[in-house]
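Participant: Supplied structure: run29.cif, mmCIF, C-alpha atoms.
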data_upload
loop_
_atom_site.label_atom_id
_atom_site.label_comp_id
_atom_site.auth_asym_id
_atom_site.auth_seq_id
_atom_site.Cartn_x
_atom_site.Cartn_y
_atom_site.Cartn_z
CA MET A 22 140.41 -19.69 -45.77
CA GLU A 23 138.15 -17.74 -43.48
CA HIS A 24 139.38 -15.47 -40.73
CA LYS A 25 137.18 -14.39 -37.85
CA MET A 26 136.48 -10.67 -38.07
CA HIS A 27 137.42 -8.70 -34.95
CA LYS A 28 134.22 -6.64 -34.98
CA ALA A 29 131.88 -9.33 -36.27
CA GLU A 30 128.83 -7.03 -36.09
CA ARG A 31 130.30 -5.08 -39.01
CA GLN A 32 130.60 -8.11 -41.30
CA LEU A 33 128.19 -8.06 -44.24
CA SER A 34 126.21 -10.94 -45.67
CA ASP A 35 127.35 -12.42 -48.96
CA ALA A 36 124.52 -10.62 -50.78
CA ASP A 37 125.33 -7.25 -49.21
CA THR A 38 129.04 -7.77 -49.93
CA MET A 39 128.34 -8.37 -53.61
CA ALA A 40 125.97 -5.39 -53.73
CA ILE A 41 128.59 -2.95 -52.44
CA LEU A 42 131.29 -4.50 -54.62
CA LYS A 43 129.10 -3.78 -57.66
CA LYS A 44 128.95 -0.09 -56.64
CA GLY A 45 132.72 0.32 -56.77
CA ASP A 46 135.19 0.40 -59.63
CA HIS A 47 138.68 0.69 -58.11
CA GLY A 48 140.62 -1.45 -55.71
CA THR A 49 144.04 -2.89 -54.98
CA LEU A 50 145.35 -6.20 -56.24
CA SER A 51 148.05 -7.78 -54.09
CA VAL A 52 150.25 -10.54 -55.46
CA GLN A 53 153.34 -12.44 -54.39
CA GLY A 54 156.25 -10.32 -55.57
CA ASP A 55 159.96 -11.01 -55.71
CA ASP A 56 161.96 -12.33 -52.76
CA GLY A 57 158.82 -13.01 -50.72
CA TYR A 58 157.67 -9.40 -50.67
CA PRO A 59 154.03 -8.65 -51.44
CA TYR A 60 153.28 -6.35 -54.36
CA ALA A 61 150.07 -4.31 -54.42
CA THR A 62 148.86 -2.27 -57.35
CA PRO A 63 145.77 -0.11 -57.89
CA ILE A 64 143.39 -1.50 -60.51
CA ASN A 65 139.93 -0.91 -61.83
CA TYR A 66 137.47 -3.77 -61.97
CA ILE A 67 134.04 -4.83 -63.13
CA ILE A 68 131.55 -7.37 -61.80
CA VAL A 69 129.80 -9.56 -64.39
CA ASP A 70 127.53 -12.38 -63.23
CA ASP A 71 128.96 -11.96 -59.71
CA LYS A 72 132.50 -12.49 -61.01
CA LEU A 73 135.28 -9.92 -60.61
CA TYR A 74 137.28 -9.05 -63.74
CA ILE A 75 140.40 -6.95 -64.23
CA HIS A 76 141.88 -5.89 -67.54
CA SER A 77 145.57 -5.26 -68.09
CA ALA A 78 148.36 -5.15 -70.58
CA PRO A 79 149.47 -8.76 -71.16
CA TYR A 80 152.92 -8.00 -69.75
CA GLY A 81 154.46 -6.20 -66.79
CA TYR A 82 155.40 -7.01 -63.23
CA LYS A 83 151.86 -7.79 -62.02
CA ILE A 84 151.39 -10.25 -64.89
CA GLU A 85 154.80 -11.87 -64.27
CA CYS A 86 153.92 -12.33 -60.59
CA LEU A 87 150.51 -13.85 -61.36
CA LYS A 88 151.96 -16.25 -63.94
CA ARG A 89 154.46 -17.41 -61.33
CA ASP A 90 151.85 -17.66 -58.55
CA PRO A 91 148.17 -16.94 -59.28
CA LYS A 92 147.22 -16.58 -55.61
CA CYS A 93 146.14 -13.02 -54.93
CA CYS A 94 144.15 -10.72 -52.70
CA PHE A 95 141.87 -7.95 -53.93
CA SER A 96 140.60 -5.20 -51.67
CA ALA A 97 138.37 -2.21 -52.24
CA ILE A 98 137.13 0.65 -50.13
CA ILE A 99 133.80 1.40 -51.73
CA SER A 100 132.97 4.39 -49.55
CA ALA A 101 134.71 6.14 -46.68
CA GLU A 102 133.96 9.26 -44.67
CA ILE A 103 135.77 10.56 -41.62
CA ILE A 104 133.40 11.45 -38.76
CA PRO A 105 135.44 13.96 -36.73
CA SER A 106 132.93 14.27 -33.87
CA LYS A 107 133.08 10.52 -33.20
CA ILE A 108 136.82 10.09 -33.92
CA THR A 109 135.98 7.33 -36.39
CA ALA A 110 135.10 6.70 -40.00
CA ALA A 111 132.08 5.32 -41.81
CA PHE A 112 133.00 2.91 -44.59
CA GLU A 113 132.14 -0.03 -46.83
CA SER A 114 134.94 -2.37 -47.86
CA VAL A 115 135.57 -5.78 -49.39
CA VAL A 116 138.49 -8.20 -49.22
CA MET A 117 138.60 -11.10 -51.68
CA THR A 118 141.26 -13.79 -51.54
CA GLY A 119 141.53 -16.15 -54.46
CA THR A 120 143.21 -17.21 -57.64
CA ALA A 121 143.72 -15.08 -60.73
CA VAL A 122 142.69 -16.84 -63.93
CA PHE A 123 143.83 -15.55 -67.32
CA VAL A 124 140.61 -15.63 -69.36
CA GLU A 125 141.26 -17.33 -72.70
CA ASP A 126 137.65 -17.98 -73.70
CA ARG A 127 136.96 -15.33 -76.34
CA ALA A 128 133.24 -15.05 -75.57
CA GLU A 129 133.82 -14.55 -71.83
CA LYS A 130 136.57 -12.04 -72.55
CA GLN A 131 134.40 -10.12 -75.04
CA ALA A 132 131.47 -9.98 -72.62
CA ALA A 133 133.61 -8.72 -69.74
CA LEU A 134 135.39 -6.09 -71.83
CA GLU A 135 132.04 -4.88 -73.19
CA ALA A 136 130.77 -4.67 -69.60
CA PHE A 137 133.69 -2.35 -68.75
CA VAL A 138 132.48 -0.06 -71.53
CA THR A 139 128.73 -0.24 -70.94
CA GLN A 140 128.88 0.01 -67.16
CA LYS A 141 131.74 2.46 -66.69
CA HIS A 142 131.80 4.62 -69.84
CA HIS A 143 128.19 5.62 -70.49
CA GLY A 144 127.81 7.59 -73.70
CA TYR A 145 131.11 6.30 -75.11
CA GLU A 146 130.02 2.81 -76.10
CA GLU A 147 130.79 3.27 -79.82
CA ILE A 148 134.35 4.41 -79.10
CA GLY A 149 134.77 1.73 -76.44
CA PHE A 150 133.61 -1.11 -78.67
CA LYS A 151 135.99 0.03 -81.41
CA MET A 152 138.82 0.05 -78.88
CA ILE A 153 137.94 -3.48 -77.77
CA GLU A 154 138.03 -4.63 -81.40
CA LYS A 155 141.43 -2.99 -81.95
CA MET A 156 143.02 -4.04 -78.63
CA PHE A 157 141.33 -7.39 -77.98
CA ASP A 158 144.42 -9.56 -78.57
CA LYS A 159 146.68 -7.01 -76.84
CA THR A 160 144.64 -7.04 -73.64
CA ALA A 161 144.85 -9.50 -70.77
CA LEU A 162 141.65 -10.21 -68.91
CA LEU A 163 141.86 -11.72 -65.45
CA ARG A 164 139.05 -13.19 -63.41
CA ILE A 165 139.52 -13.62 -59.68
CA ASP A 166 138.09 -16.96 -58.58
CA PRO A 167 137.48 -16.34 -54.88
CA ILE A 168 138.28 -18.65 -52.03
CA SER A 169 137.02 -16.11 -49.51
CA THR A 170 135.14 -12.82 -49.84
CA THR A 171 134.35 -10.64 -46.87
CA GLY A 172 132.48 -7.37 -46.76
CA LYS A 173 132.58 -4.97 -43.85
CA ALA A 174 130.68 -1.76 -43.18
CA TYR A 175 130.21 0.81 -40.46
CA LYS A 176 127.72 3.63 -40.88
CA GLY A 177 128.99 5.72 -37.99
#
Starting from the file, lay out its structure as structure tokens.
Facilitator:
Amino acid sequence: MEHKMHKAERQLSDADTMAILKKGDHGTLSVQGDDGYPYATPINYIIVDDKLYIHSAPYGYKIECLKRDPKCCFSAIISAEIIPSKITAAFESVVMTGTAVFVEDRAEKQAALEAFVTQKHHGYEEIGFKMIEKMFDKTALLRIDPISTTGKAYKG
């Protein structure tokens, strides 16, 4: 499921796409909502072994939608800066289309949740690991298995 990029010179290689994705921590997850309408929600994410993970409560509208249809689209703007003098913007962004998988393997789930703590909450590992222990079974972990991932950048 590849689409030709309009400004192909701005498309990043797979390696560069993964590198900028690793720099970010927030994006938008879009799912198939009710009555054919898309539903997009802001999320935070982590990359572990080049796989994108999202944590969530195990219930709620996003979860209902993904259980009904796991096809989804994730997007992130990693950096953006308006350049007034050029009437443009410099940016780095990623769009990933794929399937959301509810991670049931306890070791994979533990490793990803620990990565959220170690990579995003430096200095709070002890508190974070205790929270994982307490909330492990009350937390949903989703992995996006990509069908297509495209990175795009413009430096201005």
Participant: Using all atoms listed in the file, which of the listed residues (A:Cys94, A:Ile99, A:Ile148, A:Ala128) sits closest to A:Val116?
Facilitator: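 The answer is A:Cys94, which sits nearest to A:Val116.
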Participant: Taking the file as shown, find all residues satisfying the PyMOL selection byres ((chain A and resi 175) around 12) and write them as a list in words.
Facilitator: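 So the PyMOL selection byres ((chain A and resi 175) around 12), applied here, picks out Lys28, Ala29, Glu30, Arg31, Gln32, Leu33, Ile98, Ile99, Ser100, Ala101, Glu102, Ile103, Ile104, Thr109, Ala110, Ala111, Phe112, Glu113, Ser114, Gly172, Lys173, Ala174, Lys176 and Gly177 of chain A.
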Participant: For the interface of stretch 82-128 of chain A with stretch 43-55 of chain A (cut-off 9 Å, counting all atoms listed in the file), please tabulate each contacting residue of stretch 82-128 of chain A alongside its nearest pair of atoms and their separation in Å to one decimal, rows sorted by chain and increasing number, as CSV.
Facilitator:
residue,atom,partner,partner_atom,distance
A:Tyr82,CA,A:Gly54,CA,8.4
A:Lys83,CA,A:Val52,CA,7.3
A:Glu85,CA,A:Gly54,CA,9.0
A:Cys86,CA,A:Gly54,CA,5.9
A:Leu87,CA,A:Val52,CA,6.8
A:Arg89,CA,A:Gln53,CA,8.6
A:Asp90,CA,A:Gln53,CA,6.8
A:Pro91,CA,A:Val52,CA,7.7
A:Lys92,CA,A:Val52,CA,6.8
A:Cys93,CA,A:Val52,CA,4.8
A:Cys94,CA,A:Ser51,CA,5.1
A:Phe95,CA,A:Leu50,CA,4.5
A:Ser96,CA,A:Thr49,CA,5.3
A:Ala97,CA,A:Gly48,CA,4.2
A:Ile98,CA,A:Gly48,CA,6.9
A:Ile99,CA,A:Gly45,CA,5.3
A:Ser100,CA,A:Gly45,CA,8.3
Participant: Any chance you could export the current selection's C-alpha atoms as an mmCIF file, keeping the file's coordinate frame?
Facilitator:
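Output below, filename again07.cif:
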data_model
loop_
_atom_site.group_PDB
_atom_site.id
_atom_site.type_symbol
_atom_site.label_atom_id
_atom_site.label_comp_id
_atom_site.auth_asym_id
_atom_site.auth_seq_id
_atom_site.Cartn_x
_atom_site.Cartn_y
_atom_site.Cartn_z
ATOM 1 C CA TYR A 82 155.400 -7.010 -63.230
ATOM 2 C CA LYS A 83 151.860 -7.790 -62.020
ATOM 3 C CA GLU A 85 154.800 -11.870 -64.270
ATOM 4 C CA CYS A 86 153.920 -12.330 -60.590
ATOM 5 C CA LEU A 87 150.510 -13.850 -61.360
ATOM 6 C CA ARG A 89 154.460 -17.410 -61.330
ATOM 7 C CA ASP A 90 151.850 -17.660 -58.550
ATOM 8 C CA PRO A 91 148.170 -16.940 -59.280
ATOM 9 C CA LYS A 92 147.220 -16.580 -55.610
ATOM 10 C CA CYS A 93 146.140 -13.020 -54.930
ATOM 11 C CA CYS A 94 144.150 -10.720 -52.700
ATOM 12 C CA PHE A 95 141.870 -7.950 -53.930
ATOM 13 C CA SER A 96 140.600 -5.200 -51.670
ATOM 14 C CA ALA A 97 138.370 -2.210 -52.240
ATOM 15 C CA ILE A 98 137.130 0.650 -50.130
ATOM 16 C CA ILE A 99 133.800 1.400 -51.730
ATOM 17 C CA SER A 100 132.970 4.390 -49.550
#
Participant: Taking only C-alpha atoms into account, name the residue in A:Ala61, A:Tyr80, A:Thr170, A:His142 that is nearest to A:Asp37.
Facilitator: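 Among the listed residues, A:Thr170 lies closest to A:Asp37.
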Participant: Residues near stretch 121-126 of chain A, anyone? I mean within 6 Å using all atoms listed in the file, not counting same-chain ones fewer than 6 positions away, as a PyMOL selection string.
Facilitator: chain A and resi 91+162-165
Participant: To one decimal in Å, tell me the separation between atom CA of A:Lys159 and atom CA of A:His76.
Facilitator: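 Separation of atom CA of A:Lys159 and atom CA of A:His76: 10.5 Å.
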Participant: So what do you get for atom CA of A:Gln131 versus atom CA of A:Tyr74, distance-wise?
Facilitator: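 One can read the atom CA of A:Gln131 to atom CA of A:Tyr74 distance as 11.7 Å.
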Participant: Env of A:Ala132: 12 Å cut, atoms = all atoms listed in the file, seq-sep filter 3 positions within chain, self excluded. Answer as a short mmCIF file (atom, residue, chain, number, x, y, z; two decimals) with C-alpha atoms, in the coordinates of the input.
Facilitator:
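As written to disk, around.cif reads:
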data_model
loop_
_atom_site.label_atom_id
_atom_site.label_comp_id
_atom_site.auth_asym_id
_atom_site.auth_seq_id
_atom_site.Cartn_x
_atom_site.Cartn_y
_atom_site.Cartn_z
CA ILE A 67 134.04 -4.83 -63.13
CA ILE A 68 131.55 -7.37 -61.80
CA VAL A 69 129.80 -9.56 -64.39
CA ASP A 70 127.53 -12.38 -63.23
CA LYS A 72 132.50 -12.49 -61.01
CA TYR A 74 137.28 -9.05 -63.74
CA VAL A 124 140.61 -15.63 -69.36
CA ASP A 126 137.65 -17.98 -73.70
CA ARG A 127 136.96 -15.33 -76.34
CA ALA A 128 133.24 -15.05 -75.57
CA GLU A 129 133.82 -14.55 -71.83
CA GLU A 135 132.04 -4.88 -73.19
CA ALA A 136 130.77 -4.67 -69.60
CA PHE A 137 133.69 -2.35 -68.75
CA VAL A 138 132.48 -0.06 -71.53
CA THR A 139 128.73 -0.24 -70.94
CA GLN A 140 128.88 0.01 -67.16
CA PHE A 150 133.61 -1.11 -78.67
CA ILE A 153 137.94 -3.48 -77.77
CA PHE A 157 141.33 -7.39 -77.98
CA LEU A 162 141.65 -10.21 -68.91
#
Participant: Generate the missing atoms of stretch 146-157 of chain A up to all heavy atoms and report them as a PDB file, in the coordinates of the input.
Facilitator:
ATOM      1  N   GLU A 146     130.050   4.216 -75.706  1.00  0.00           N
ATOM      2  CA  GLU A 146     130.020   2.810 -76.100  1.00  0.00           C
ATOM      3  C   GLU A 146     130.615   2.594 -77.496  1.00  0.00           C
ATOM      4  O   GLU A 146     131.385   1.648 -77.697  1.00  0.00           O
ATOM      5  CB  GLU A 146     128.594   2.258 -76.055  1.00  0.00           C
ATOM      6  CG  GLU A 146     128.045   2.098 -74.652  1.00  0.00           C
ATOM      7  CD  GLU A 146     127.443   3.367 -74.061  1.00  0.00           C
ATOM      8  OE1 GLU A 146     127.480   4.430 -74.722  1.00  0.00           O
ATOM      9  OE2 GLU A 146     126.922   3.301 -72.932  1.00  0.00           O
ATOM     10  N   GLU A 147     130.286   3.459 -78.450  1.00  0.00           N
ATOM     11  CA  GLU A 147     130.790   3.270 -79.820  1.00  0.00           C
ATOM     12  C   GLU A 147     132.316   3.316 -79.845  1.00  0.00           C
ATOM     13  O   GLU A 147     132.963   2.447 -80.428  1.00  0.00           O
ATOM     14  CB  GLU A 147     130.207   4.336 -80.757  1.00  0.00           C
ATOM     15  CG  GLU A 147     130.592   4.118 -82.215  1.00  0.00           C
ATOM     16  CD  GLU A 147     129.959   5.148 -83.146  1.00  0.00           C
ATOM     17  OE1 GLU A 147     128.925   5.740 -82.777  1.00  0.00           O
ATOM     18  OE2 GLU A 147     130.513   5.340 -84.233  1.00  0.00           O
ATOM     19  N   ILE A 148     132.881   4.298 -79.182  1.00  0.00           N
ATOM     20  CA  ILE A 148     134.350   4.410 -79.100  1.00  0.00           C
ATOM     21  C   ILE A 148     134.926   3.220 -78.349  1.00  0.00           C
ATOM     22  O   ILE A 148     135.933   2.631 -78.761  1.00  0.00           O
ATOM     23  CB  ILE A 148     134.747   5.727 -78.396  1.00  0.00           C
ATOM     24  CG1 ILE A 148     134.322   6.926 -79.233  1.00  0.00           C
ATOM     25  CG2 ILE A 148     136.251   5.770 -78.125  1.00  0.00           C
ATOM     26  CD1 ILE A 148     134.401   8.250 -78.482  1.00  0.00           C
ATOM     27  N   GLY A 149     134.289   2.852 -77.254  1.00  0.00           N
ATOM     28  CA  GLY A 149     134.770   1.730 -76.440  1.00  0.00           C
ATOM     29  C   GLY A 149     134.760   0.414 -77.186  1.00  0.00           C
ATOM     30  O   GLY A 149     135.724  -0.360 -77.105  1.00  0.00           O
ATOM     31  N   PHE A 150     133.690   0.144 -77.924  1.00  0.00           N
ATOM     32  CA  PHE A 150     133.610  -1.110 -78.670  1.00  0.00           C
ATOM     33  C   PHE A 150     134.657  -1.157 -79.786  1.00  0.00           C
ATOM     34  O   PHE A 150     135.223  -2.215 -80.070  1.00  0.00           O
ATOM     35  CB  PHE A 150     132.207  -1.340 -79.219  1.00  0.00           C
ATOM     36  CG  PHE A 150     131.177  -1.610 -78.154  1.00  0.00           C
ATOM     37  CD1 PHE A 150     129.845  -1.342 -78.384  1.00  0.00           C
ATOM     38  CD2 PHE A 150     131.532  -2.129 -76.912  1.00  0.00           C
ATOM     39  CE1 PHE A 150     128.887  -1.593 -77.404  1.00  0.00           C
ATOM     40  CE2 PHE A 150     130.586  -2.381 -75.925  1.00  0.00           C
ATOM     41  CZ  PHE A 150     129.257  -2.112 -76.177  1.00  0.00           C
ATOM     42  N   LYS A 151     134.929  -0.009 -80.394  1.00  0.00           N
ATOM     43  CA  LYS A 151     135.990   0.030 -81.410  1.00  0.00           C
ATOM     44  C   LYS A 151     137.357  -0.238 -80.777  1.00  0.00           C
ATOM     45  O   LYS A 151     138.202  -0.912 -81.373  1.00  0.00           O
ATOM     46  CB  LYS A 151     135.997   1.386 -82.133  1.00  0.00           C
ATOM     47  CG  LYS A 151     134.865   1.550 -83.119  1.00  0.00           C
ATOM     48  CD  LYS A 151     134.908   2.904 -83.801  1.00  0.00           C
ATOM     49  CE  LYS A 151     133.709   3.074 -84.724  1.00  0.00           C
ATOM     50  NZ  LYS A 151     133.670   4.410 -85.324  1.00  0.00           N
ATOM     51  N   MET A 152     137.553   0.288 -79.572  1.00  0.00           N
ATOM     52  CA  MET A 152     138.820   0.050 -78.880  1.00  0.00           C
ATOM     53  C   MET A 152     138.977  -1.423 -78.525  1.00  0.00           C
ATOM     54  O   MET A 152     140.061  -1.988 -78.656  1.00  0.00           O
ATOM     55  CB  MET A 152     138.922   0.908 -77.617  1.00  0.00           C
ATOM     56  CG  MET A 152     140.260   0.776 -76.914  1.00  0.00           C
ATOM     57  SD  MET A 152     140.413   1.879 -75.511  1.00  0.00           S
ATOM     58  CE  MET A 152     140.606   3.442 -76.354  1.00  0.00           C
ATOM     59  N   ILE A 153     137.890  -2.044 -78.080  1.00  0.00           N
ATOM     60  CA  ILE A 153     137.940  -3.480 -77.770  1.00  0.00           C
ATOM     61  C   ILE A 153     138.351  -4.265 -79.010  1.00  0.00           C
ATOM     62  O   ILE A 153     139.221  -5.141 -78.954  1.00  0.00           O
ATOM     63  CB  ILE A 153     136.580  -3.987 -77.246  1.00  0.00           C
ATOM     64  CG1 ILE A 153     136.304  -3.419 -75.857  1.00  0.00           C
ATOM     65  CG2 ILE A 153     136.544  -5.517 -77.224  1.00  0.00           C
ATOM     66  CD1 ILE A 153     134.891  -3.669 -75.356  1.00  0.00           C
ATOM     67  N   GLU A 154     137.722  -3.941 -80.144  1.00  0.00           N
ATOM     68  CA  GLU A 154     138.030  -4.630 -81.400  1.00  0.00           C
ATOM     69  C   GLU A 154     139.515  -4.479 -81.760  1.00  0.00           C
ATOM     70  O   GLU A 154     140.183  -5.446 -82.123  1.00  0.00           O
ATOM     71  CB  GLU A 154     137.152  -4.077 -82.520  1.00  0.00           C
ATOM     72  CG  GLU A 154     137.270  -4.816 -83.835  1.00  0.00           C
ATOM     73  CD  GLU A 154     136.339  -4.241 -84.896  1.00  0.00           C
ATOM     74  OE1 GLU A 154     135.250  -3.747 -84.541  1.00  0.00           O
ATOM     75  OE2 GLU A 154     136.726  -4.284 -86.078  1.00  0.00           O
ATOM     76  N   LYS A 155     140.026  -3.279 -81.596  1.00  0.00           N
ATOM     77  CA  LYS A 155     141.430  -2.990 -81.950  1.00  0.00           C
ATOM     78  C   LYS A 155     142.409  -3.627 -80.965  1.00  0.00           C
ATOM     79  O   LYS A 155     143.463  -4.121 -81.370  1.00  0.00           O
ATOM     80  CB  LYS A 155     141.627  -1.470 -81.977  1.00  0.00           C
ATOM     81  CG  LYS A 155     143.025  -1.041 -82.303  1.00  0.00           C
ATOM     82  CD  LYS A 155     143.149   0.483 -82.293  1.00  0.00           C
ATOM     83  CE  LYS A 155     144.585   0.907 -82.529  1.00  0.00           C
ATOM     84  NZ  LYS A 155     144.746   2.359 -82.462  1.00  0.00           N
ATOM     85  N   MET A 156     142.073  -3.630 -79.669  1.00  0.00           N
ATOM     86  CA  MET A 156     143.020  -4.040 -78.630  1.00  0.00           C
ATOM     87  C   MET A 156     142.751  -5.429 -78.043  1.00  0.00           C
ATOM     88  O   MET A 156     143.459  -5.855 -77.134  1.00  0.00           O
ATOM     89  CB  MET A 156     142.998  -3.000 -77.491  1.00  0.00           C
ATOM     90  CG  MET A 156     143.372  -1.596 -77.915  1.00  0.00           C
ATOM     91  SD  MET A 156     145.044  -1.482 -78.567  1.00  0.00           S
ATOM     92  CE  MET A 156     146.000  -1.846 -77.110  1.00  0.00           C
ATOM     93  N   PHE A 157     141.772  -6.132 -78.578  1.00  0.00           N
ATOM     94  CA  PHE A 157     141.330  -7.390 -77.980  1.00  0.00           C
ATOM     95  C   PHE A 157     142.499  -8.350 -77.712  1.00  0.00           C
ATOM     96  O   PHE A 157     142.650  -8.868 -76.609  1.00  0.00           O
ATOM     97  CB  PHE A 157     140.288  -8.069 -78.883  1.00  0.00           C
ATOM     98  CG  PHE A 157     139.605  -9.239 -78.242  1.00  0.00           C
ATOM     99  CD1 PHE A 157     138.502  -9.054 -77.430  1.00  0.00           C
ATOM    100  CD2 PHE A 157     140.061 -10.535 -78.451  1.00  0.00           C
ATOM    101  CE1 PHE A 157     137.863 -10.125 -76.830  1.00  0.00           C
ATOM    102  CE2 PHE A 157     139.430 -11.609 -77.852  1.00  0.00           C
ATOM    103  CZ  PHE A 157     138.324 -11.415 -77.042  1.00  0.00           C
TER     104      PHE A 157
END
